[in-house]
file coords_31.csv (CSV, C-alpha atoms)
chain,number,residue,atom,x,y,z
A,1,MET,CA,192.2,117.6,191.6
A,2,ILE,CA,190.6,115.4,194.2
A,3,ALA,CA,187.9,117.9,194.7
A,4,ARG,CA,187.2,118.0,191.0
A,5,SER,CA,187.0,114.2,190.9
A,6,ILE,CA,184.6,114.2,193.7
A,7,LYS,CA,182.5,116.9,192.0
A,8,PHE,CA,182.5,114.7,188.8
A,9,LEU,CA,181.7,111.6,190.7
A,10,ARG,CA,178.9,113.0,192.7
A,11,PRO,CA,176.2,112.6,190.0
A,12,VAL,CA,177.6,109.2,189.2
A,13,LEU,CA,177.4,108.1,192.8
A,14,ALA,CA,173.8,109.5,192.9
A,15,LEU,CA,172.9,107.4,189.9
A,16,VAL,CA,174.5,104.3,191.5
A,17,ALA,CA,172.5,105.0,194.7
A,18,VAL,CA,169.3,105.3,192.8
A,19,ALA,CA,170.0,102.1,190.9
A,20,MET,CA,170.8,100.3,194.1
A,21,LEU,CA,167.5,101.5,195.6
A,22,SER,CA,165.7,100.3,192.5
A,23,VAL,CA,167.3,96.9,192.8
A,24,THR,CA,166.3,96.8,196.5
A,25,ALA,CA,162.8,97.8,195.6
A,26,PHE,CA,162.7,95.1,192.9
A,27,ALA,CA,164.1,92.5,195.2
A,28,GLN,CA,161.3,93.4,197.7
A,29,ASN,CA,158.6,92.4,195.4
A,30,PRO,CA,156.0,90.4,197.4
A,31,LYS,CA,154.5,88.8,194.3
A,32,LEU,CA,155.8,85.3,194.2
A,33,ARG,CA,156.7,83.5,190.9
A,34,LEU,CA,154.0,80.9,191.0
A,35,ASP,CA,154.9,79.4,187.6
A,36,SER,CA,157.4,77.2,189.5
A,37,LEU,CA,154.4,75.3,190.8
A,38,VAL,CA,153.8,73.7,187.4
A,39,ARG,CA,155.5,70.5,188.7
A,40,LEU,CA,153.0,70.3,191.5
A,41,GLY,CA,150.1,70.8,189.1
A,42,ALA,CA,151.4,68.0,186.9
A,43,LYS,CA,151.2,65.6,189.9
A,44,ALA,CA,148.1,66.8,191.5
A,45,SER,CA,144.7,65.1,191.1
A,46,LYS,CA,142.9,68.4,191.6
A,47,THR,CA,144.1,72.0,191.2
A,48,VAL,CA,142.5,75.3,191.9
A,49,GLU,CA,143.7,78.8,190.9
A,50,VAL,CA,142.1,81.9,192.2
A,51,THR,CA,143.4,85.1,190.7
A,52,VAL,CA,142.1,88.4,192.0
A,53,ASP,CA,144.4,90.8,190.1
A,54,ARG,CA,144.8,94.5,190.5
A,55,GLU,CA,141.9,95.4,188.2
A,56,LEU,CA,139.6,92.9,189.8
A,57,MET,CA,140.5,94.1,193.3
A,58,ALA,CA,139.8,97.7,192.2
A,59,MET,CA,136.5,96.6,190.9
A,60,ALA,CA,135.7,94.8,194.1
A,61,VAL,CA,136.7,97.7,196.3
A,62,LYS,CA,134.6,100.1,194.1
A,63,PHE,CA,131.5,97.9,194.4
A,64,LEU,CA,132.1,97.4,198.1
A,65,SER,CA,132.4,101.2,198.7
A,66,GLY,CA,128.7,101.6,197.9
A,67,GLU,CA,127.6,99.1,200.6
A,68,THR,CA,126.8,100.2,204.1
A,69,ASP,CA,126.1,97.0,206.0
A,70,ALA,CA,128.5,96.1,208.8
A,71,ASP,CA,129.8,92.9,207.2
A,72,THR,CA,130.7,94.6,204.0
A,73,LYS,CA,132.3,97.5,205.8
A,74,LYS,CA,134.5,95.1,207.7
A,75,VAL,CA,135.6,93.4,204.5
A,76,ARG,CA,136.1,96.8,202.8
A,77,GLU,CA,138.4,97.9,205.7
A,78,LEU,CA,140.3,94.6,205.5
A,79,VAL,CA,140.9,94.7,201.7
A,80,ALA,CA,141.5,98.5,201.4
A,81,GLY,CA,145.2,98.2,201.2
A,82,ILE,CA,145.3,94.9,199.3
A,83,GLN,CA,146.2,95.0,195.6
A,84,GLU,CA,146.2,91.4,194.5
A,85,ILE,CA,145.4,88.0,195.8
A,86,PHE,CA,146.7,84.7,194.3
A,87,VAL,CA,145.6,81.3,195.5
A,88,ARG,CA,147.0,78.0,194.3
A,89,GLY,CA,145.7,74.8,195.7
A,90,PHE,CA,146.8,71.2,194.9
A,91,GLU,CA,145.2,68.0,196.1
A,92,PHE,CA,146.8,64.6,195.7
A,93,GLU,CA,145.2,61.2,195.6
A,94,ASN,CA,147.8,59.6,197.9
A,95,GLU,CA,150.3,60.6,200.4
A,96,GLY,CA,153.9,61.0,199.1
A,97,GLU,CA,152.8,62.1,195.6
A,98,TYR,CA,154.7,65.3,196.1
A,99,ASN,CA,157.8,66.0,198.0
A,100,GLN,CA,159.3,69.0,199.8
A,101,ALA,CA,161.5,69.7,196.8
A,102,ASP,CA,158.4,70.6,194.8
A,103,VAL,CA,157.6,73.5,197.2
A,104,ASP,CA,161.3,74.5,197.8
A,105,GLU,CA,161.2,77.0,195.0
A,106,ILE,CA,158.4,78.9,196.8
A,107,ARG,CA,160.3,78.5,200.1
A,108,SER,CA,163.5,79.8,198.5
A,109,GLN,CA,161.6,82.9,197.4
A,110,LEU,CA,160.2,83.3,200.9
A,111,SER,CA,163.7,83.2,202.3
A,112,GLY,CA,164.6,86.2,200.1
A,113,PRO,CA,165.1,89.8,201.3
A,114,GLY,CA,162.2,91.4,203.1
A,115,TRP,CA,160.3,88.2,204.0
A,116,SER,CA,160.1,87.1,207.6
A,117,ARG,CA,158.1,84.2,209.0
A,118,ILE,CA,155.5,84.8,211.6
A,119,THR,CA,155.8,82.2,214.3
A,120,GLY,CA,153.2,81.0,216.6
A,121,VAL,CA,150.4,80.7,214.0
A,122,ARG,CA,148.9,77.3,213.4
A,123,SER,CA,146.1,75.9,211.3
A,124,LYS,CA,143.4,74.1,213.3
A,125,LYS,CA,142.7,71.9,210.3
A,126,GLY,CA,143.9,68.4,211.2
A,127,GLY,CA,147.4,67.6,210.1
A,128,GLU,CA,147.9,70.8,208.2
A,129,ASN,CA,151.1,72.8,208.7
A,130,ALA,CA,150.7,76.5,207.9
A,131,GLU,CA,153.6,78.8,207.5
A,132,ILE,CA,153.0,82.5,207.3
A,133,TYR,CA,155.5,85.0,205.8
A,134,VAL,CA,155.2,88.7,205.8
A,135,MET,CA,157.2,91.2,203.7
A,136,HIS,CA,157.9,94.5,205.3
A,137,GLY,CA,159.3,97.5,203.5
A,138,GLY,CA,159.4,101.2,204.4
A,139,GLY,CA,157.8,100.5,207.8
A,140,LYS,CA,154.7,98.8,206.4
A,141,VAL,CA,153.5,95.4,205.2
A,142,LEU,CA,154.1,95.0,201.5
A,143,GLY,CA,152.7,91.5,201.2
A,144,LEU,CA,151.9,88.2,203.0
A,145,THR,CA,152.1,84.6,202.0
A,146,ILE,CA,150.6,81.5,203.6
A,147,LEU,CA,152.1,78.2,202.7
A,148,ALA,CA,149.9,75.4,204.0
A,149,THR,CA,150.8,71.8,203.5
A,150,ASP,CA,149.6,68.4,204.6
A,151,PRO,CA,150.5,65.0,203.2
A,152,LYS,CA,147.9,65.2,200.4
A,153,GLU,CA,147.4,68.9,199.9
A,154,VAL,CA,149.4,72.1,199.2
A,155,THR,CA,147.9,75.6,199.3
A,156,ILE,CA,149.6,78.8,198.7
A,157,VAL,CA,148.0,82.2,199.3
A,158,ASN,CA,150.0,85.2,198.1
A,159,ILE,CA,148.5,88.6,199.1
A,160,ILE,CA,150.1,91.7,197.6
A,161,GLY,CA,149.5,94.9,199.5
A,162,GLU,CA,149.0,96.1,203.0
A,163,ILE,CA,147.3,93.8,205.3
A,164,ASP,CA,147.3,93.5,209.1
A,165,PRO,CA,148.6,89.9,209.8
A,166,ALA,CA,146.6,90.0,213.1
A,167,ARG,CA,143.4,90.2,211.0
A,168,LEU,CA,144.4,87.5,208.5
A,169,SER,CA,141.8,85.1,209.9
A,170,GLU,CA,139.1,87.6,209.0
A,171,LEU,CA,140.1,87.3,205.4
A,172,GLU,CA,139.5,83.5,205.3
A,173,GLY,CA,136.6,82.8,203.1
A,174,GLU,CA,136.7,86.2,201.4
A,175,LEU,CA,137.8,86.9,197.9
A,176,GLY,CA,138.9,83.3,197.3
A,177,VAL,CA,141.1,83.0,200.3
A,178,PRO,CA,140.5,79.5,201.6
A,179,ARG,CA,139.4,78.7,205.2
A,180,MET,CA,142.5,77.4,206.9
A,181,GLU,CA,141.3,78.0,210.4
A,182,LEU,CA,144.4,79.9,211.3
A,183,LYS,CA,144.9,80.5,215.0
A,184,ARG,CA,147.5,82.5,216.8
A,185,GLU,CA,149.0,80.6,219.7
A,186,VAL,CA,148.8,82.7,222.8
A,187,LYS,CA,152.2,82.7,224.4
A,188,THR,CA,151.9,83.9,227.9
A,189,ALA,CA,154.6,86.4,228.8
A,190,PRO,CA,156.2,86.0,232.2
A,191,ALA,CA,154.3,88.0,234.8
A,192,PRO,CA,155.9,91.2,235.7
A,193,THR,CA,157.5,91.2,239.1
A,194,PRO,CA,155.3,93.2,241.4
A,195,LYS,CA,156.9,96.3,242.7
A,196,THR,CA,157.5,96.2,246.4
A,197,SER,CA,155.4,98.8,248.1
A,198,GLY,CA,158.1,99.5,250.6
A,199,ARG,CA,155.9,98.8,253.6
B,1,MET,CA,138.4,70.6,197.0
B,2,LYS,CA,134.7,70.3,196.5
B,3,GLN,CA,134.5,74.0,195.8
B,4,THR,CA,134.2,73.7,192.0
B,5,ASN,CA,131.1,71.5,192.3
B,6,ALA,CA,129.8,73.8,195.1
B,7,LEU,CA,130.4,76.9,193.0
B,8,CYS,CA,128.7,75.4,189.9
B,9,PHE,CA,125.8,74.3,192.0
B,10,ILE,CA,125.4,77.7,193.6
B,11,VAL,CA,125.6,79.5,190.2
B,12,LEU,CA,123.2,77.0,188.6
B,13,ALA,CA,120.8,77.2,191.5
B,14,SER,CA,120.9,80.9,191.5
B,15,VAL,CA,120.3,81.3,187.8
B,16,LEU,CA,117.5,78.8,187.8
B,17,LEU,CA,115.8,80.8,190.5
B,18,VAL,CA,115.6,84.0,188.5
B,19,PRO,CA,112.3,85.2,187.3
B,20,VAL,CA,113.7,87.8,184.9
B,21,SER,CA,113.8,87.0,181.2
B,22,VAL,CA,116.7,85.0,179.7
B,23,ALA,CA,119.0,87.1,177.7
B,24,ARG,CA,118.6,86.2,174.1
B,25,ALA,CA,120.7,88.9,172.4
B,26,ALA,CA,123.6,88.1,170.2
B,27,ASP,CA,126.4,87.1,172.5
B,28,ALA,CA,129.6,86.3,170.6
B,29,GLU,CA,131.5,85.2,173.7
B,30,PHE,CA,128.9,82.8,174.9
B,31,ASP,CA,128.2,81.5,171.4
B,32,ALA,CA,131.9,80.9,170.8
B,33,VAL,CA,132.3,78.7,173.9
B,34,VAL,CA,129.1,76.9,173.1
B,35,ARG,CA,130.3,76.2,169.5
B,36,HIS,CA,133.6,75.0,170.8
B,37,ILE,CA,131.9,72.5,173.1
B,38,GLU,CA,129.5,71.4,170.3
B,39,SER,CA,132.3,70.7,167.9
B,40,THR,CA,134.9,69.3,170.3
B,41,TYR,CA,132.6,66.9,172.0
B,42,ASN,CA,130.1,66.2,169.2
B,43,ALA,CA,127.5,67.5,171.7
B,44,ARG,CA,124.1,68.9,171.3
B,45,ARG,CA,122.5,71.5,173.6
B,46,ASN,CA,119.8,70.4,176.0
B,47,ASP,CA,117.1,72.9,176.8
B,48,PRO,CA,117.1,72.8,180.6
B,49,GLY,CA,113.8,71.1,181.4
B,50,GLY,CA,111.7,72.4,184.2
B,51,MET,CA,112.9,76.0,183.7
B,52,TRP,CA,109.4,77.3,183.9
B,53,LEU,CA,108.9,75.6,187.2
B,54,ALA,CA,112.1,77.1,188.5
B,55,ARG,CA,110.9,80.5,187.4
B,56,LEU,CA,107.6,80.0,189.1
B,57,ALA,CA,109.4,78.9,192.3
B,58,ALA,CA,111.5,82.0,191.9
B,59,ARG,CA,108.5,84.2,192.4
B,60,LEU,CA,108.3,82.8,195.9
B,61,VAL,CA,112.0,82.6,196.6
B,62,HIS,CA,114.3,85.6,196.8
B,63,PRO,CA,116.8,85.2,193.9
B,64,LYS,CA,120.4,85.3,194.8
B,65,GLY,CA,121.3,88.6,193.1
B,66,VAL,CA,121.1,87.2,189.5
B,67,LYS,CA,119.6,89.7,187.1
B,68,SER,CA,119.8,87.9,183.8
B,69,PHE,CA,121.4,84.8,182.4
B,70,ARG,CA,122.0,82.5,179.5
B,71,ILE,CA,122.7,78.9,180.0
B,72,ALA,CA,123.7,76.0,177.7
B,73,MET,CA,123.8,72.5,179.0
B,74,PHE,CA,125.2,69.5,177.2
B,75,GLU,CA,125.0,65.8,178.1
B,76,ASN,CA,126.6,62.6,176.8
B,77,LEU,CA,129.8,64.2,175.6
B,78,SER,CA,132.0,62.2,173.4
B,79,GLY,CA,135.4,63.0,171.9
B,80,PRO,CA,138.6,63.7,173.9
B,81,ARG,CA,138.7,62.8,177.5
B,82,THR,CA,140.4,66.1,178.2
B,83,ASP,CA,140.3,69.4,176.3
B,84,PRO,CA,143.5,71.4,176.7
B,85,GLY,CA,142.1,73.8,174.1
B,86,LEU,CA,139.2,75.0,176.2
B,87,GLU,CA,141.2,77.6,178.1
B,88,GLY,CA,142.7,79.0,174.9
B,89,ILE,CA,139.2,79.3,173.3
B,90,LEU,CA,138.1,81.2,176.4
B,91,ARG,CA,141.1,83.5,176.2
B,92,ASP,CA,140.6,84.1,172.5
B,93,SER,CA,136.9,84.6,172.7
B,94,LEU,CA,136.8,86.9,175.7
B,95,ASP,CA,137.9,90.5,175.4
B,96,ALA,CA,140.3,92.1,177.8
B,97,SER,CA,137.6,93.4,180.1
B,98,TRP,CA,137.0,89.8,181.2
B,99,ARG,CA,139.2,88.8,184.2
B,100,PRO,CA,139.9,85.1,184.8
B,101,ILE,CA,139.2,84.6,188.5
B,102,VAL,CA,138.9,80.9,189.0
B,103,LYS,CA,140.4,77.9,187.2
B,104,ALA,CA,139.9,74.5,188.7
B,105,THR,CA,140.8,71.1,187.2
B,106,SER,CA,140.3,67.6,188.5
B,107,ARG,CA,142.0,64.6,186.9
B,108,VAL,CA,139.8,62.3,188.9
B,109,ASP,CA,136.5,63.6,187.5
B,110,LEU,CA,138.1,64.9,184.3
B,111,GLU,CA,136.5,68.2,185.2
B,112,GLN,CA,137.6,71.7,184.2
B,113,THR,CA,135.9,74.8,185.5
B,114,PHE,CA,136.6,78.4,184.5
B,115,VAL,CA,135.1,81.5,186.0
B,116,TYR,CA,135.5,84.9,184.4
B,117,VAL,CA,134.1,88.2,185.6
B,118,ARG,CA,133.8,91.8,184.3
B,119,PRO,CA,132.0,94.9,185.4
B,120,SER,CA,128.7,95.8,183.8
B,121,GLY,CA,127.4,99.1,185.1
B,122,SER,CA,126.8,98.6,188.8
B,123,ASP,CA,126.8,94.8,188.4
B,124,PHE,CA,129.1,92.1,187.4
B,125,GLU,CA,128.9,89.8,184.4
B,126,VAL,CA,130.0,86.3,185.2
B,127,LEU,CA,130.9,83.5,182.8
B,128,VAL,CA,131.1,80.0,184.2
B,129,VAL,CA,132.2,77.1,182.0
B,130,THR,CA,132.4,73.7,183.4
B,131,VAL,CA,133.2,70.5,181.4
B,132,ASP,CA,133.6,66.9,182.8
B,133,ASP,CA,133.7,63.6,181.0
B,134,GLU,CA,130.0,63.4,180.6
B,135,GLU,CA,128.5,66.9,180.8
B,136,ALA,CA,129.2,70.5,180.1
B,137,THR,CA,127.5,73.7,181.2
B,138,VAL,CA,128.1,77.3,180.1
B,139,ILE,CA,126.4,80.0,182.1
B,140,LYS,CA,126.6,83.8,181.5
B,141,ALA,CA,124.9,85.9,184.1
B,142,THR,CA,124.6,89.5,185.2
B,143,VAL,CA,124.7,89.5,188.9
B,144,ASP,CA,124.8,91.8,191.9
B,145,PRO,CA,128.4,92.2,193.2
B,146,LYS,CA,127.2,90.8,196.5
B,147,ALA,CA,126.3,87.6,194.8
B,148,VAL,CA,129.8,87.2,193.4
B,149,GLY,CA,131.1,87.9,196.9
B,150,SER,CA,128.9,85.1,198.4
B,151,TRP,CA,130.0,82.7,195.6
B,152,MET,CA,133.6,83.4,196.4
B,153,LYS,CA,133.0,82.6,200.0
B,154,GLU,CA,132.0,79.2,199.0
B,155,LEU,CA,135.4,78.6,197.4
B,156,GLU,CA,137.1,76.5,200.0
B,157,THR,CA,140.3,75.0,199.0
call {"tool": "encode", "arguments": {"input": "coords_31.csv", "output": "structure tokens"}}
result
Amino acid sequence: MIARSIKFLRPVLALVAVAMLSVTAFAQNPKLRLDSLVRLGAKASKTVEVTVDRELMAMAVKFLSGETDADTKKVRELVAGIQEIFVRGFEFENEGEYNQADVDEIRSQLSGPGWSRITGVRSKKGGENAEIYVMHGGGKVLGLTILATDPKEVTIVNIIGEIDPARLSELEGELGVPRMELKREVKTAPAPTPKTSGR
Amino acid sequence: MKQTNALCFIVLASVLLVPVSVARAADAEFDAVVRHIESTYNARRNDPGGMWLARLAARLVHPKGVKSFRIAMFENLSGPRTDPGLEGILRDSLDASWRPIVKATSRVDLEQTFVYVRPSGSDFEVLVVTVDDEEATVIKATVDPKAVGSWMKELET
């Protein structure tokens, strides 16, 4: 009886497993819901939206593939795994015109499954705080988000696809990604203890 | 965020330095945007003065990858201070092959800028529409993909 039940349940369990995997995959979507930024847009004096969607990125990669100079080759390598780029920038006339609650919706998405914050990266631009988040899945990078804030400016860069976070600074100024002068802080590891030679 | 002004300046400077002939063919998308600006702002087109001089200069200066262009410039706009309908007109006038790539607004200068691109053979077609409280410019150009890349580099948020 139990064996028959297990036999009956096996396909059901398989379906449940597939459904759970699908839910996990859905939850691990690196594309942020940027429509929540409408409140920021309403308060900002200046806004910029850059949208390099899947089709546009495919077009860019196609055109880049014909080029042979070193700079273009570098960009091509850099964007090869990227599918989409979304940039949203908001500038305010005065300090205090936006508050942290306005960007909390984005932060709450970035605290979701799959996202982890890269520490030790700072913006060299005066007064700007840059937070970088990476989503990993299946052993690779699925997406990356930069949230840069200062008292009068908020910038969000949401990159969908595979990108090496170590090469992020090379993407600044390309395909609408703003220059944030990101710099990795070098943390010196403690020097290994020299082995005694036994002399 | 001076990038919208910078972008318009670069696009404008680039197209003004093109020696090739101005596209005059029927162009429904371009004309629809121009008509919208004319009717909304009670505006009349200005023929850009000094274009012949710019073309002459272009024979001496390497153009920035622009192969053909159309341009419509308007001054002394009147009517609404802001035009929320502009984006809708663009959406309705442009077919699905056009991709919106940049949208910038400034409440300070009452400026709106929209940039759309689409592939055209081995080149890109670019449509730039910018409207502020006094002037409007509509540019449609066929450009080398590298030129689009260099314009995008100028976009600094």
call {"tool": "atom_distance", "arguments": {"input": "coords_31.csv", "atom1": "CA of Trp98 (chain B)", "atom2": "CA of Ile160 (chain A)"}}
result
21.1 Å
call {"tool": "atom_distance", "arguments": {"input": "coords_31.csv", "atom1": "CA of Phe63 (chain A)", "atom2": "CA of Gly65 (chain B)"}}
result
13.9 Å
call {"tool": "closest_residue", "arguments": {"input": "coords_31.csv", "among": "B:Ser106, B:Thr130, B:Ser39, B:Ser120", "to": "chain A", "atoms": "all atoms listed in the file"}}
result
B:Ser106
call {"tool": "atom_distance", "arguments": {"input": "coords_31.csv", "atom1": "CA of Ile85 (chain A)", "atom2": "CA of Phe30 (chain B)"}}
result
27.1 Å
call {"tool": "closest_residue", "arguments": {"input": "coords_31.csv", "among": "A:Thr68, A:Asn94, A:Asn129, A:Thr51", "to": "chain B", "atoms": "all atoms listed in the file"}}
result
A:Thr51
call {"tool": "interface_residues", "arguments": {"input": "coords_31.csv", "of": "chain A", "to": "chain B", "cutoff": "9 Å", "atoms": "all atoms listed in the file", "output": "NGL selection string"}}
result
:A and (44-53 or 55-56 or 59-60 or 63-64 or 87-91 or 93 or 155 or 172-180)
call {"tool": "closest_residue", "arguments": {"input": "coords_31.csv", "among": "A:Asp104, A:Glu153, A:Asp35, A:Glu170", "to": "Phe86 (chain A)", "atoms": "all atoms listed in the file"}}
result
A:Asp35
call {"tool": "residues_around", "arguments": {"input": "coords_31.csv", "residues": "region 42-47 of chain B", "least_positions_apart": "3", "cutoff": "6 Å", "atoms": "only C-alpha atoms", "output": "ChimeraX atom specification"}}
result
/B:38-39,73-74,77
call {"tool": "closest_residue", "arguments": {"input": "coords_31.csv", "among": "A:Tyr98, A:Gly114, A:Val141, A:Val75", "to": "Ser169 (chain A)", "atoms": "all atoms listed in the file"}}
result
A:Val75
call {"tool": "residues_around", "arguments": {"input": "coords_31.csv", "residues": "Met135 (chain A)", "least_positions_apart": "4", "cutoff": "12 Å", "atoms": "all atoms listed in the file", "output": "ChimeraX atom specification"}}
result
/A:25,27-32,109-118,139-146,158-165
call {"tool": "closest_residue", "arguments": {"input": "coords_31.csv", "among": "A:Ile132, A:Gly138, A:Leu171, A:Glu105", "to": "Arg39 (chain A)", "atoms": "all atoms listed in the file"}}
result
A:Glu105
call {"tool": "residues_near_point", "arguments": {"input": "coords_31.csv", "point": "(134.5, 61.2, 174.0)", "cutoff": "10 Å", "atoms": "only C-alpha atoms", "output": "JSON, numbers by chain"}}
result
{"B": [40, 41, 42, 43, 76, 77, 78, 79, 80, 81, 82, 133, 134]}
call {"tool": "residues_around", "arguments": {"input": "coords_31.csv", "residues": "region 31-36 of chain B", "least_positions_apart": "2", "cutoff": "9 Å", "atoms": "only C-alpha atoms", "output": "VMD selection string"}}
result
chain B and resid 26 to 29 38 to 41 45 72 86 89 to 90 93 129 137 to 138
call {"tool": "write_last_selection", "arguments": {"input": "coords_31.csv", "atoms": "C-alpha atoms", "output": "PDB file, keeping the file's coordinate frame"}}
result
ATOM      1  CA  ALA B  26     123.600  88.100 170.200  1.00  0.00           C
ATOM      2  CA  ASP B  27     126.400  87.100 172.500  1.00  0.00           C
ATOM      3  CA  ALA B  28     129.600  86.300 170.600  1.00  0.00           C
ATOM      4  CA  GLU B  29     131.500  85.200 173.700  1.00  0.00           C
ATOM      5  CA  GLU B  38     129.500  71.400 170.300  1.00  0.00           C
ATOM      6  CA  SER B  39     132.300  70.700 167.900  1.00  0.00           C
ATOM      7  CA  THR B  40     134.900  69.300 170.300  1.00  0.00           C
ATOM      8  CA  TYR B  41     132.600  66.900 172.000  1.00  0.00           C
ATOM      9  CA  ARG B  45     122.500  71.500 173.600  1.00  0.00           C
ATOM     10  CA  ALA B  72     123.700  76.000 177.700  1.00  0.00           C
ATOM     11  CA  LEU B  86     139.200  75.000 176.200  1.00  0.00           C
ATOM     12  CA  ILE B  89     139.200  79.300 173.300  1.00  0.00           C
ATOM     13  CA  LEU B  90     138.100  81.200 176.400  1.00  0.00           C
ATOM     14  CA  SER B  93     136.900  84.600 172.700  1.00  0.00           C
ATOM     15  CA  VAL B 129     132.200  77.100 182.000  1.00  0.00           C
ATOM     16  CA  THR B 137     127.500  73.700 181.200  1.00  0.00           C
ATOM     17  CA  VAL B 138     128.100  77.300 180.100  1.00  0.00           C
TER      18      VAL B 138
END
call {"tool": "residues_around", "arguments": {"input": "coords_31.csv", "residues": "Ile139 (chain B)", "least_positions_apart": "5", "cutoff": "8 Å", "atoms": "all atoms listed in the file", "output": "MDAnalysis selection string"}}
result
chainID B and resid 12 69:72 126:129
